[in-house]
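Here's the structure we're looking at; comments come further down.
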Amino acid sequence: MQRSNKWAVAAAVAVLASGCQKQAEPGPAVAAADGAFAASLQERLLDAKPGDVIEIPAGRHQFERSLTLRADGVTLRGAGMDKTVLSFKGQKAGAEGLLVNGDNFTIENLTIEDSRGDGLKISESEHITIRGIKVQWTGGPSTKNGAYGIYPVLTKDVLIENTISIGASDAGIYVGQSDGVIVRDSRAEQNVAGIEVENTRNADVYNNVATGNTGGILVFNMPGLSQQGANIRVFNNKVIANNHANFGAKGTPVASVPAGSGVVINSNDDIEVFDNEIRDNATANIIVSSVYSTGYKDSSASASFDPYPERIYIHNNTLSGGGDSPDGLDLKAMKVATFGLTGNFPDVLWDGYFNANRVVDGVRMGPQICLRDVNGVINADGPGGYKNPSKDLKPFDCELPRLPAIDLKRG
């Protein structure tokens with residue numbers, strides 16, 4: 001998360017434990033590879049030309065420094081997610097496992113383990129395919145793990161599919177400041193943020209599983225970045241029991257995300273959340289919030305930044321459990337005061353910040369947060385200091401046009 005993030009209604013220390021807190025486990029035993037091959041791979045990447053297909057054979061390949069690719073039109077292919085392993089355990093140099101800056105790049109069928117920083121970072125590139133990739137830290141969740149697992153940023157036309165990320169100390173599968181994105185058929189577990197789409201436009205996130213993270217699926221806009229995101233669909237995902245105690249590094253933005261957050265929409269417009277199974281997230285199954293709940297001062301948001309979530313359509317989800325043990329003393333107190341000791345927050349928690357002067361087609365208009373098939377909502381009254389939360393569902397009784405699908409023409 002490229003932001004400063006301190007939830008105004010959550011305590012600084014995460015206190016929840018998750019039923020999904022198993023340790024990250026390596027795949028099947030992989031034979032040690034020829035050290036000569038590992039030594040030559042960086043040279044092959046540095047010398048790569050458009051059209052090259054670089055095959056990495058089965059085996060565990062050990063590296064002491066980052067790998068870097070700066071060429072267009074390259075395919076990097078392993079023998080299988082659990083057969084080809086690039087291990088950076090004990091890495092001595094470089095911030096990432098693999099850093100890529102090149103268009104028309106495909107990476108598939110391999111695992112990246114125990115990088116000192118981000119596992120796979122792809123920056124300022126177009127037409128990217130990430131398929132059959134696992135990034136994990138084998139020692140389990142730890143503040144010492146790298147921040148991001150799979151990390152395309154400032155990219156266009158990105159497909160992420162059949163991937164796994166485990167143990168990232170920020171976000172497992174993250175797409176930032178990008179345009180035209182599909183994240184599908186993937187799994188994020190035991191990360192602080194499971195799947196995060198930040199300041200990104202035109203994205204579909206579907207058929208994924210996010211479980212055992214601090215927060216499951218995050219759709220964020222934050223000020224001070226290259227663009228503001230919008231037009232994002234989150235559907236057909238399983239977002240279950242994301243209650244892991246927050247292990248983000250102290251002082252980093254992600255360190256203040258409340259444990260027990262299912263789907264979180266922050267300062268984003270034109271978001272559709274539908275046909276998901278969202279359950280047993282102990283703070284709330286769905287959170288809708290403004291940047292003002294993340295600790296940013298009003299002055300930190302530029303004049304062009306819209307801090308309010310608007311045109312949010314949440315419908316046809318299967319929602320159950322959750323909201324029974326929110327993270328943070330303020331949220332706990334609100335829950336008890338509003339729903340009693342044995343009660344729980346409803347499915348949707350909204351911080352209550354909105355643009356009171358918003359006008360659409362000459363008519364004063366609310367934020368258009370439209371809810372269908374939910375077991376209630378709580379407006380936390382952020383603007384009023386969280387003193388008068390409301391359970392009134394009527395302001396959310398609306399519908400919005402469905403958003404179009406993203407077509408990357410990958411088949």
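Chain labels A, B, ... are given in the sequence in which chains occur in the structure tokens; within each chain residues are numbered consecutively from 1, and ligands are likewise numbered from 1 in the order shown.
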Just the residues within 8 Å of A:Asp185, please, counting only C-alpha atoms, with nothing from its chain fewer than 6 positions along; format it as a PyMOL selection string.
-> chain A and resi 161-163+206-209
Write the selection just made, keeping N, CA and C atoms, as a PDB file, in the first residue's frame?
```pdb
ATOM      1  N   GLU A 161      -3.443 -14.785 -13.361  1.00  0.00           N
ATOM      2  CA  GLU A 161      -4.349 -15.924 -13.207  1.00  0.00           C
ATOM      3  C   GLU A 161      -3.604 -17.140 -12.662  1.00  0.00           C
ATOM      4  N   ASN A 162      -4.367 -17.940 -11.908  1.00  0.00           N
ATOM      5  CA  ASN A 162      -3.840 -19.187 -11.335  1.00  0.00           C
ATOM      6  C   ASN A 162      -2.563 -18.943 -10.540  1.00  0.00           C
ATOM      7  N   THR A 163      -2.576 -17.888  -9.739  1.00  0.00           N
ATOM      8  CA  THR A 163      -1.417 -17.552  -8.929  1.00  0.00           C
ATOM      9  C   THR A 163      -1.739 -17.762  -7.450  1.00  0.00           C
ATOM     10  N   TYR A 206     -12.017 -11.689 -10.008  1.00  0.00           N
ATOM     11  CA  TYR A 206     -13.050 -12.725  -9.890  1.00  0.00           C
ATOM     12  C   TYR A 206     -12.460 -14.135  -9.782  1.00  0.00           C
ATOM     13  N   ASN A 207     -13.281 -15.014  -9.200  1.00  0.00           N
ATOM     14  CA  ASN A 207     -12.935 -16.433  -9.025  1.00  0.00           C
ATOM     15  C   ASN A 207     -11.669 -16.622  -8.194  1.00  0.00           C
ATOM     16  N   ASN A 208     -11.463 -15.740  -7.223  1.00  0.00           N
ATOM     17  CA  ASN A 208     -10.305 -15.840  -6.348  1.00  0.00           C
ATOM     18  C   ASN A 208     -10.733 -16.275  -4.952  1.00  0.00           C
ATOM     19  N   VAL A 209      -9.759 -16.721  -4.170  1.00  0.00           N
ATOM     20  CA  VAL A 209      -9.966 -17.035  -2.758  1.00  0.00           C
ATOM     21  C   VAL A 209      -9.021 -16.162  -1.934  1.00  0.00           C
TER      22      VAL A 209
END
```
Just the residues within 12 Å of A:Gly323, please, counting only C-alpha atoms, with nothing from its chain fewer than 4 positions along; format it as a ChimeraX atom specification.
-> /A:241-243,258-262,278-287,319,327,331-332,334-336,339,342-349,375-378
Considering only C-alpha atoms, tabulate each residue of stretch 154-212 of chain A that lies at most 10 Å from stretch 404-409 of chain A along with its nearest interatomic pair and the corresponding distance in Å to one decimal; arrange the rows by chain and ascending residue number and present them as JSON lines.
```
{"residue": "A:Asp157", "atom": "CA", "partner": "A:Leu408", "partner_atom": "CA", "distance": 6.5}
{"residue": "A:Val158", "atom": "CA", "partner": "A:Leu408", "partner_atom": "CA", "distance": 7.8}
{"residue": "A:Leu159", "atom": "CA", "partner": "A:Leu408", "partner_atom": "CA", "distance": 7.6}
{"residue": "A:Gly180", "atom": "CA", "partner": "A:Ile406", "partner_atom": "CA", "distance": 7.0}
{"residue": "A:Val181", "atom": "CA", "partner": "A:Ile406", "partner_atom": "CA", "distance": 7.4}
{"residue": "A:Ile182", "atom": "CA", "partner": "A:Ile406", "partner_atom": "CA", "distance": 7.2}
{"residue": "A:Asn202", "atom": "CA", "partner": "A:Ile406", "partner_atom": "CA", "distance": 6.7}
{"residue": "A:Ala203", "atom": "CA", "partner": "A:Ile406", "partner_atom": "CA", "distance": 6.4}
{"residue": "A:Asp204", "atom": "CA", "partner": "A:Ile406", "partner_atom": "CA", "distance": 6.2}
{"residue": "A:Val205", "atom": "CA", "partner": "A:Ile406", "partner_atom": "CA", "distance": 9.8}
```
Got a sec: who's within 8 Å of A:Gly146, counting only C-alpha atoms, leaving out chain neighbours fewer than 4 positions off, as an MDAnalysis selection string?
-> chainID A and resid 114:119 168:170
Selected residues written out with N, CA and C atoms, as an mmCIF file, in the first residue's frame:
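out.cif, freshly written:
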```cif
data_model
loop_
_atom_site.group_PDB
_atom_site.id
_atom_site.type_symbol
_atom_site.label_atom_id
_atom_site.label_comp_id
_atom_site.auth_asym_id
_atom_site.auth_seq_id
_atom_site.Cartn_x
_atom_site.Cartn_y
_atom_site.Cartn_z
ATOM 1 N N ASP A 114 10.942 -16.469 -0.600
ATOM 2 C CA ASP A 114 11.803 -15.888 0.436
ATOM 3 C C ASP A 114 12.689 -14.749 -0.052
ATOM 4 N N SER A 115 12.144 -13.923 -0.960
ATOM 5 C CA SER A 115 12.904 -12.743 -1.380
ATOM 6 C C SER A 115 12.984 -11.747 -0.227
ATOM 7 N N ARG A 116 14.055 -10.968 -0.214
ATOM 8 C CA ARG A 116 14.241 -9.980 0.839
ATOM 9 C C ARG A 116 13.197 -8.879 0.753
ATOM 10 N N GLY A 117 12.844 -8.496 -0.472
ATOM 11 C CA GLY A 117 11.803 -7.503 -0.690
ATOM 12 C C GLY A 117 10.653 -8.126 -1.456
ATOM 13 N N ASP A 118 10.113 -7.391 -2.436
ATOM 14 C CA ASP A 118 8.997 -7.897 -3.226
ATOM 15 C C ASP A 118 9.401 -9.161 -3.980
ATOM 16 N N GLY A 119 8.433 -10.062 -4.155
ATOM 17 C CA GLY A 119 8.735 -11.295 -4.871
ATOM 18 C C GLY A 119 8.911 -11.058 -6.369
ATOM 19 N N ALA A 168 3.027 -12.201 2.461
ATOM 20 C CA ALA A 168 3.547 -10.854 2.199
ATOM 21 C C ALA A 168 3.212 -9.924 3.363
ATOM 22 N N SER A 169 4.162 -9.087 3.743
ATOM 23 C CA SER A 169 3.946 -8.196 4.878
ATOM 24 C C SER A 169 3.206 -6.921 4.494
ATOM 25 N N ASP A 170 2.841 -6.785 3.228
ATOM 26 C CA ASP A 170 1.938 -5.718 2.787
ATOM 27 C C ASP A 170 0.794 -6.359 2.010
#
```
Taking the chain letters and numbering used in this document, name the residues of stretch 141-337 of chain A that DSSP puts in strand (DSSP E), as a CSV table (one decimal) with N, CA and C atoms, in the first residue's frame.
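See result_8.csv below for the written result:
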```csv
chain,number,residue,atom,x,y,z
A,148,TYR,N,5.5,-7.1,-1.0
A,148,TYR,CA,4.5,-7.5,-2.0
A,148,TYR,C,4.9,-8.8,-2.6
A,149,GLY,N,3.9,-9.6,-2.8
A,149,GLY,CA,4.2,-10.9,-3.5
A,149,GLY,C,4.3,-10.7,-5.0
A,150,ILE,N,3.1,-10.5,-5.6
A,150,ILE,CA,3.0,-10.3,-7.1
A,150,ILE,C,2.6,-8.8,-7.2
A,151,TYR,N,3.4,-8.0,-7.9
A,151,TYR,CA,3.3,-6.6,-7.8
A,151,TYR,C,3.5,-5.8,-9.1
A,152,PRO,N,2.5,-5.8,-10.0
A,152,PRO,CA,2.6,-5.0,-11.2
A,152,PRO,C,2.2,-3.5,-10.8
A,153,VAL,N,2.9,-2.5,-11.2
A,153,VAL,CA,2.6,-1.1,-10.9
A,153,VAL,C,2.9,-0.3,-12.1
A,156,LYS,N,-0.2,-1.5,-17.9
A,156,LYS,CA,-1.5,-1.5,-18.7
A,156,LYS,C,-1.6,-2.9,-19.3
A,157,ASP,N,-2.9,-3.3,-19.3
A,157,ASP,CA,-3.3,-4.6,-20.0
A,157,ASP,C,-2.5,-5.8,-19.2
A,158,VAL,N,-3.1,-6.1,-18.0
A,158,VAL,CA,-2.4,-7.0,-17.1
A,158,VAL,C,-3.4,-8.2,-16.8
A,159,LEU,N,-2.9,-9.4,-17.0
A,159,LEU,CA,-3.7,-10.6,-16.7
A,159,LEU,C,-2.9,-11.4,-15.6
A,160,ILE,N,-3.5,-11.6,-14.4
A,160,ILE,CA,-2.9,-12.4,-13.4
A,160,ILE,C,-3.9,-13.6,-13.2
A,161,GLU,N,-3.4,-14.8,-13.4
A,161,GLU,CA,-4.3,-15.9,-13.2
A,161,GLU,C,-3.6,-17.1,-12.7
A,164,ILE,N,-0.7,-17.8,-6.6
A,164,ILE,CA,-0.8,-17.9,-5.2
A,164,ILE,C,0.2,-17.0,-4.5
A,165,SER,N,-0.2,-16.3,-3.5
A,165,SER,CA,0.7,-15.5,-2.7
A,165,SER,C,0.4,-15.8,-1.2
A,166,ILE,N,1.5,-16.0,-0.5
A,166,ILE,CA,1.4,-16.4,0.9
A,166,ILE,C,2.5,-15.6,1.7
A,171,ALA,N,0.9,-6.6,0.7
A,171,ALA,CA,-0.1,-7.1,-0.1
A,171,ALA,C,0.4,-8.3,-0.9
A,172,GLY,N,-0.4,-9.4,-0.9
A,172,GLY,CA,0.0,-10.6,-1.6
A,172,GLY,C,-0.1,-10.4,-3.1
A,173,ILE,N,-1.2,-10.1,-3.6
A,173,ILE,CA,-1.4,-9.8,-5.1
A,173,ILE,C,-1.9,-8.4,-5.2
A,174,TYR,N,-1.0,-7.5,-5.7
A,174,TYR,CA,-1.2,-6.1,-5.7
A,174,TYR,C,-1.1,-5.6,-7.1
A,175,VAL,N,-2.1,-4.7,-7.5
A,175,VAL,CA,-2.0,-4.0,-8.8
A,175,VAL,C,-2.2,-2.5,-8.5
A,176,GLY,N,-1.2,-1.7,-8.8
A,176,GLY,CA,-1.3,-0.3,-8.5
A,176,GLY,C,-1.1,0.6,-9.7
A,179,ASP,N,-4.1,0.2,-15.6
A,179,ASP,CA,-5.3,0.4,-16.4
A,179,ASP,C,-5.5,-0.9,-17.2
A,180,GLY,N,-6.7,-1.5,-17.1
A,180,GLY,CA,-7.0,-2.7,-17.8
A,180,GLY,C,-6.4,-3.9,-17.1
A,181,VAL,N,-7.1,-4.5,-16.2
A,181,VAL,CA,-6.5,-5.5,-15.3
A,181,VAL,C,-7.5,-6.6,-15.1
A,182,ILE,N,-7.1,-7.9,-15.1
A,182,ILE,CA,-7.9,-9.0,-14.7
A,182,ILE,C,-7.1,-9.8,-13.6
A,183,VAL,N,-7.6,-10.0,-12.5
A,183,VAL,CA,-7.1,-10.9,-11.5
A,183,VAL,C,-8.1,-12.1,-11.3
A,184,ARG,N,-7.7,-13.3,-11.6
A,184,ARG,CA,-8.7,-14.4,-11.6
A,184,ARG,C,-8.1,-15.7,-11.2
A,187,ARG,N,-5.2,-17.3,-5.4
A,187,ARG,CA,-5.4,-17.5,-4.0
A,187,ARG,C,-4.4,-16.6,-3.2
A,188,ALA,N,-4.9,-15.9,-2.2
A,188,ALA,CA,-4.1,-15.1,-1.3
A,188,ALA,C,-4.4,-15.5,0.1
A,189,GLU,N,-3.3,-15.8,0.8
A,189,GLU,CA,-3.5,-16.3,2.2
A,189,GLU,C,-2.3,-15.9,3.0
A,193,ALA,N,-2.6,-7.7,3.4
A,193,ALA,CA,-3.7,-7.5,2.4
A,193,ALA,C,-3.6,-8.7,1.4
A,194,GLY,N,-4.7,-9.4,1.3
A,194,GLY,CA,-4.7,-10.5,0.3
A,194,GLY,C,-4.6,-10.1,-1.1
A,195,ILE,N,-5.6,-9.5,-1.7
A,195,ILE,CA,-5.6,-8.9,-3.0
A,195,ILE,C,-5.9,-7.4,-2.9
A,196,GLU,N,-5.1,-6.6,-3.5
A,196,GLU,CA,-5.3,-5.2,-3.5
A,196,GLU,C,-5.2,-4.6,-4.8
A,197,VAL,N,-6.2,-3.8,-5.2
A,197,VAL,CA,-6.3,-3.0,-6.4
A,197,VAL,C,-6.3,-1.5,-6.0
A,198,GLU,N,-5.2,-0.8,-6.3
A,198,GLU,CA,-5.1,0.5,-5.8
A,198,GLU,C,-4.8,1.5,-6.9
A,201,ARG,N,-7.6,1.7,-12.8
A,201,ARG,CA,-8.8,1.8,-13.6
A,201,ARG,C,-9.1,0.6,-14.4
A,202,ASN,N,-10.4,0.3,-14.4
A,202,ASN,CA,-10.9,-0.8,-15.3
A,202,ASN,C,-10.3,-2.1,-15.0
A,203,ALA,N,-10.8,-2.7,-13.9
A,203,ALA,CA,-10.3,-4.0,-13.4
A,203,ALA,C,-11.4,-4.9,-13.1
A,204,ASP,N,-11.2,-6.2,-13.3
A,204,ASP,CA,-12.1,-7.3,-12.9
A,204,ASP,C,-11.3,-8.2,-12.0
A,205,VAL,N,-11.9,-8.5,-10.8
A,205,VAL,CA,-11.3,-9.4,-9.8
A,205,VAL,C,-12.3,-10.5,-9.5
A,206,TYR,N,-12.0,-11.7,-10.0
A,206,TYR,CA,-13.0,-12.7,-9.9
A,206,TYR,C,-12.5,-14.1,-9.8
A,209,VAL,N,-9.8,-16.7,-4.2
A,209,VAL,CA,-10.0,-17.0,-2.8
A,209,VAL,C,-9.0,-16.2,-1.9
A,210,ALA,N,-9.6,-15.4,-1.0
A,210,ALA,CA,-8.8,-14.6,-0.1
A,210,ALA,C,-9.2,-15.1,1.3
A,211,THR,N,-8.3,-15.7,2.1
A,211,THR,CA,-8.6,-16.2,3.4
A,211,THR,C,-7.4,-16.2,4.3
A,215,GLY,N,-6.8,-8.4,5.8
A,215,GLY,CA,-7.9,-7.9,5.0
A,215,GLY,C,-7.9,-8.7,3.7
A,216,GLY,N,-9.1,-9.0,3.2
A,216,GLY,CA,-9.3,-10.0,2.1
A,216,GLY,C,-9.0,-9.3,0.8
A,217,ILE,N,-9.9,-8.5,0.2
A,217,ILE,CA,-9.8,-7.9,-1.0
A,217,ILE,C,-10.0,-6.4,-0.8
A,218,LEU,N,-9.0,-5.6,-1.2
A,218,LEU,CA,-9.0,-4.1,-1.0
A,218,LEU,C,-9.0,-3.4,-2.3
A,219,VAL,N,-10.0,-2.4,-2.4
A,219,VAL,CA,-10.1,-1.6,-3.6
A,219,VAL,C,-9.9,-0.2,-3.2
A,220,PHE,N,-8.7,0.4,-3.4
A,220,PHE,CA,-8.3,1.6,-2.7
A,220,PHE,C,-8.0,2.7,-3.7
A,230,ALA,N,-11.0,3.7,-10.8
A,230,ALA,CA,-12.4,3.6,-10.8
A,230,ALA,C,-12.8,2.5,-11.8
A,231,ASN,N,-14.0,2.1,-11.8
A,231,ASN,CA,-14.6,1.1,-12.7
A,231,ASN,C,-13.9,-0.3,-12.4
A,232,ILE,N,-14.3,-0.8,-11.3
A,232,ILE,CA,-13.8,-2.1,-10.8
A,232,ILE,C,-14.9,-3.0,-10.4
A,233,ARG,N,-14.8,-4.2,-10.9
A,233,ARG,CA,-15.8,-5.2,-10.5
A,233,ARG,C,-15.1,-6.3,-9.6
A,234,VAL,N,-15.7,-6.7,-8.5
A,234,VAL,CA,-15.3,-7.7,-7.7
A,234,VAL,C,-16.4,-8.8,-7.6
A,235,PHE,N,-16.2,-9.9,-8.1
A,235,PHE,CA,-17.3,-10.9,-8.2
A,235,PHE,C,-16.8,-12.4,-8.2
A,238,LYS,N,-14.3,-15.9,-3.1
A,238,LYS,CA,-14.6,-16.4,-1.7
A,238,LYS,C,-13.6,-15.5,-0.8
A,239,VAL,N,-14.3,-14.8,0.1
A,239,VAL,CA,-13.5,-13.9,1.0
A,239,VAL,C,-13.9,-14.3,2.4
A,240,ILE,N,-13.1,-15.2,3.0
A,240,ILE,CA,-13.5,-15.9,4.2
A,240,ILE,C,-12.5,-15.8,5.3
A,261,SER,N,-11.1,-7.6,8.2
A,261,SER,CA,-11.7,-6.9,7.1
A,261,SER,C,-11.9,-7.8,5.9
A,262,GLY,N,-13.1,-7.9,5.4
A,262,GLY,CA,-13.4,-8.7,4.2
A,262,GLY,C,-13.1,-8.0,2.9
A,263,VAL,N,-14.1,-7.4,2.3
A,263,VAL,CA,-13.9,-6.5,1.2
A,263,VAL,C,-13.9,-5.1,1.7
A,264,VAL,N,-12.8,-4.3,1.3
A,264,VAL,CA,-12.7,-2.9,1.7
A,264,VAL,C,-12.7,-2.0,0.5
A,265,ILE,N,-13.6,-1.1,0.4
A,265,ILE,CA,-13.6,-0.1,-0.7
A,265,ILE,C,-13.3,1.3,-0.1
A,266,ASN,N,-12.2,1.9,-0.5
A,266,ASN,CA,-11.8,3.2,0.1
A,266,ASN,C,-11.6,4.2,-1.0
A,269,ASP,N,-14.7,5.2,-6.8
A,269,ASP,CA,-15.9,5.4,-7.5
A,269,ASP,C,-16.2,4.3,-8.5
A,270,ASP,N,-17.5,4.1,-8.8
A,270,ASP,CA,-17.9,3.1,-9.8
A,270,ASP,C,-17.3,1.7,-9.5
A,271,ILE,N,-17.8,1.2,-8.4
A,271,ILE,CA,-17.3,-0.2,-7.9
A,271,ILE,C,-18.5,-1.1,-7.8
A,272,GLU,N,-18.4,-2.3,-8.3
A,272,GLU,CA,-19.5,-3.2,-8.2
A,272,GLU,C,-19.0,-4.5,-7.6
A,273,VAL,N,-19.7,-4.9,-6.5
A,273,VAL,CA,-19.3,-6.1,-5.7
A,273,VAL,C,-20.5,-7.0,-5.7
A,274,PHE,N,-20.4,-8.2,-6.4
A,274,PHE,CA,-21.6,-9.1,-6.5
A,274,PHE,C,-21.2,-10.5,-6.6
A,277,GLU,N,-19.0,-14.9,-2.1
A,277,GLU,CA,-19.2,-15.5,-0.8
A,277,GLU,C,-18.3,-14.8,0.2
A,278,ILE,N,-18.9,-14.0,1.1
A,278,ILE,CA,-18.1,-13.2,2.0
A,278,ILE,C,-18.6,-13.5,3.4
A,279,ARG,N,-17.7,-14.1,4.2
A,279,ARG,CA,-18.2,-14.5,5.6
A,279,ARG,C,-17.1,-14.6,6.6
A,284,ALA,N,-15.8,-6.6,9.9
A,284,ALA,CA,-16.9,-6.5,9.0
A,284,ALA,C,-16.7,-7.2,7.7
A,285,ASN,N,-17.7,-7.8,7.1
A,285,ASN,CA,-17.6,-8.5,5.9
A,285,ASN,C,-17.3,-7.5,4.7
A,286,ILE,N,-17.9,-6.3,4.8
A,286,ILE,CA,-17.7,-5.3,3.8
A,286,ILE,C,-17.5,-3.9,4.5
A,287,ILE,N,-16.4,-3.2,4.1
A,287,ILE,CA,-16.2,-1.9,4.7
A,287,ILE,C,-16.1,-0.9,3.5
A,288,VAL,N,-16.9,0.2,3.6
A,288,VAL,CA,-16.8,1.3,2.6
A,288,VAL,C,-16.4,2.5,3.4
A,289,SER,N,-15.3,3.2,2.9
A,289,SER,CA,-14.7,4.3,3.7
A,289,SER,C,-14.1,5.4,2.8
A,310,GLU,N,-18.1,6.8,-4.1
A,310,GLU,CA,-19.4,7.1,-4.7
A,310,GLU,C,-19.7,6.1,-5.8
A,311,ARG,N,-21.0,5.9,-6.0
A,311,ARG,CA,-21.5,5.0,-7.0
A,311,ARG,C,-20.9,3.6,-6.7
A,312,ILE,N,-21.3,3.1,-5.5
A,312,ILE,CA,-20.8,1.8,-5.1
A,312,ILE,C,-22.1,0.9,-5.1
A,313,TYR,N,-22.0,-0.2,-5.8
A,313,TYR,CA,-23.2,-1.1,-6.0
A,313,TYR,C,-22.8,-2.5,-5.4
A,314,ILE,N,-23.4,-2.9,-4.3
A,314,ILE,CA,-23.1,-4.1,-3.6
A,314,ILE,C,-24.4,-4.9,-3.7
A,315,HIS,N,-24.4,-6.1,-4.3
A,315,HIS,CA,-25.6,-6.8,-4.5
A,315,HIS,C,-25.4,-8.3,-4.8
A,318,THR,N,-23.4,-13.6,-1.1
A,318,THR,CA,-23.8,-14.5,0.0
A,318,THR,C,-23.0,-14.1,1.2
A,319,LEU,N,-23.6,-13.6,2.2
A,319,LEU,CA,-23.0,-13.0,3.4
A,319,LEU,C,-23.4,-13.7,4.7
A,320,SER,N,-22.4,-14.0,5.5
A,320,SER,CA,-22.8,-14.6,6.8
A,320,SER,C,-21.7,-14.4,7.8
```
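Atom CA of A:Phe247 is found 23.9 Å from atom CA of A:Gly321.
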Please give the complete set of residues from stretch 98-273 of chain A that DSSP, run on the backbone, assigns to helix (DSSP H, G or I), formatted as a ChimeraX atom specification.
-> /A:253-256
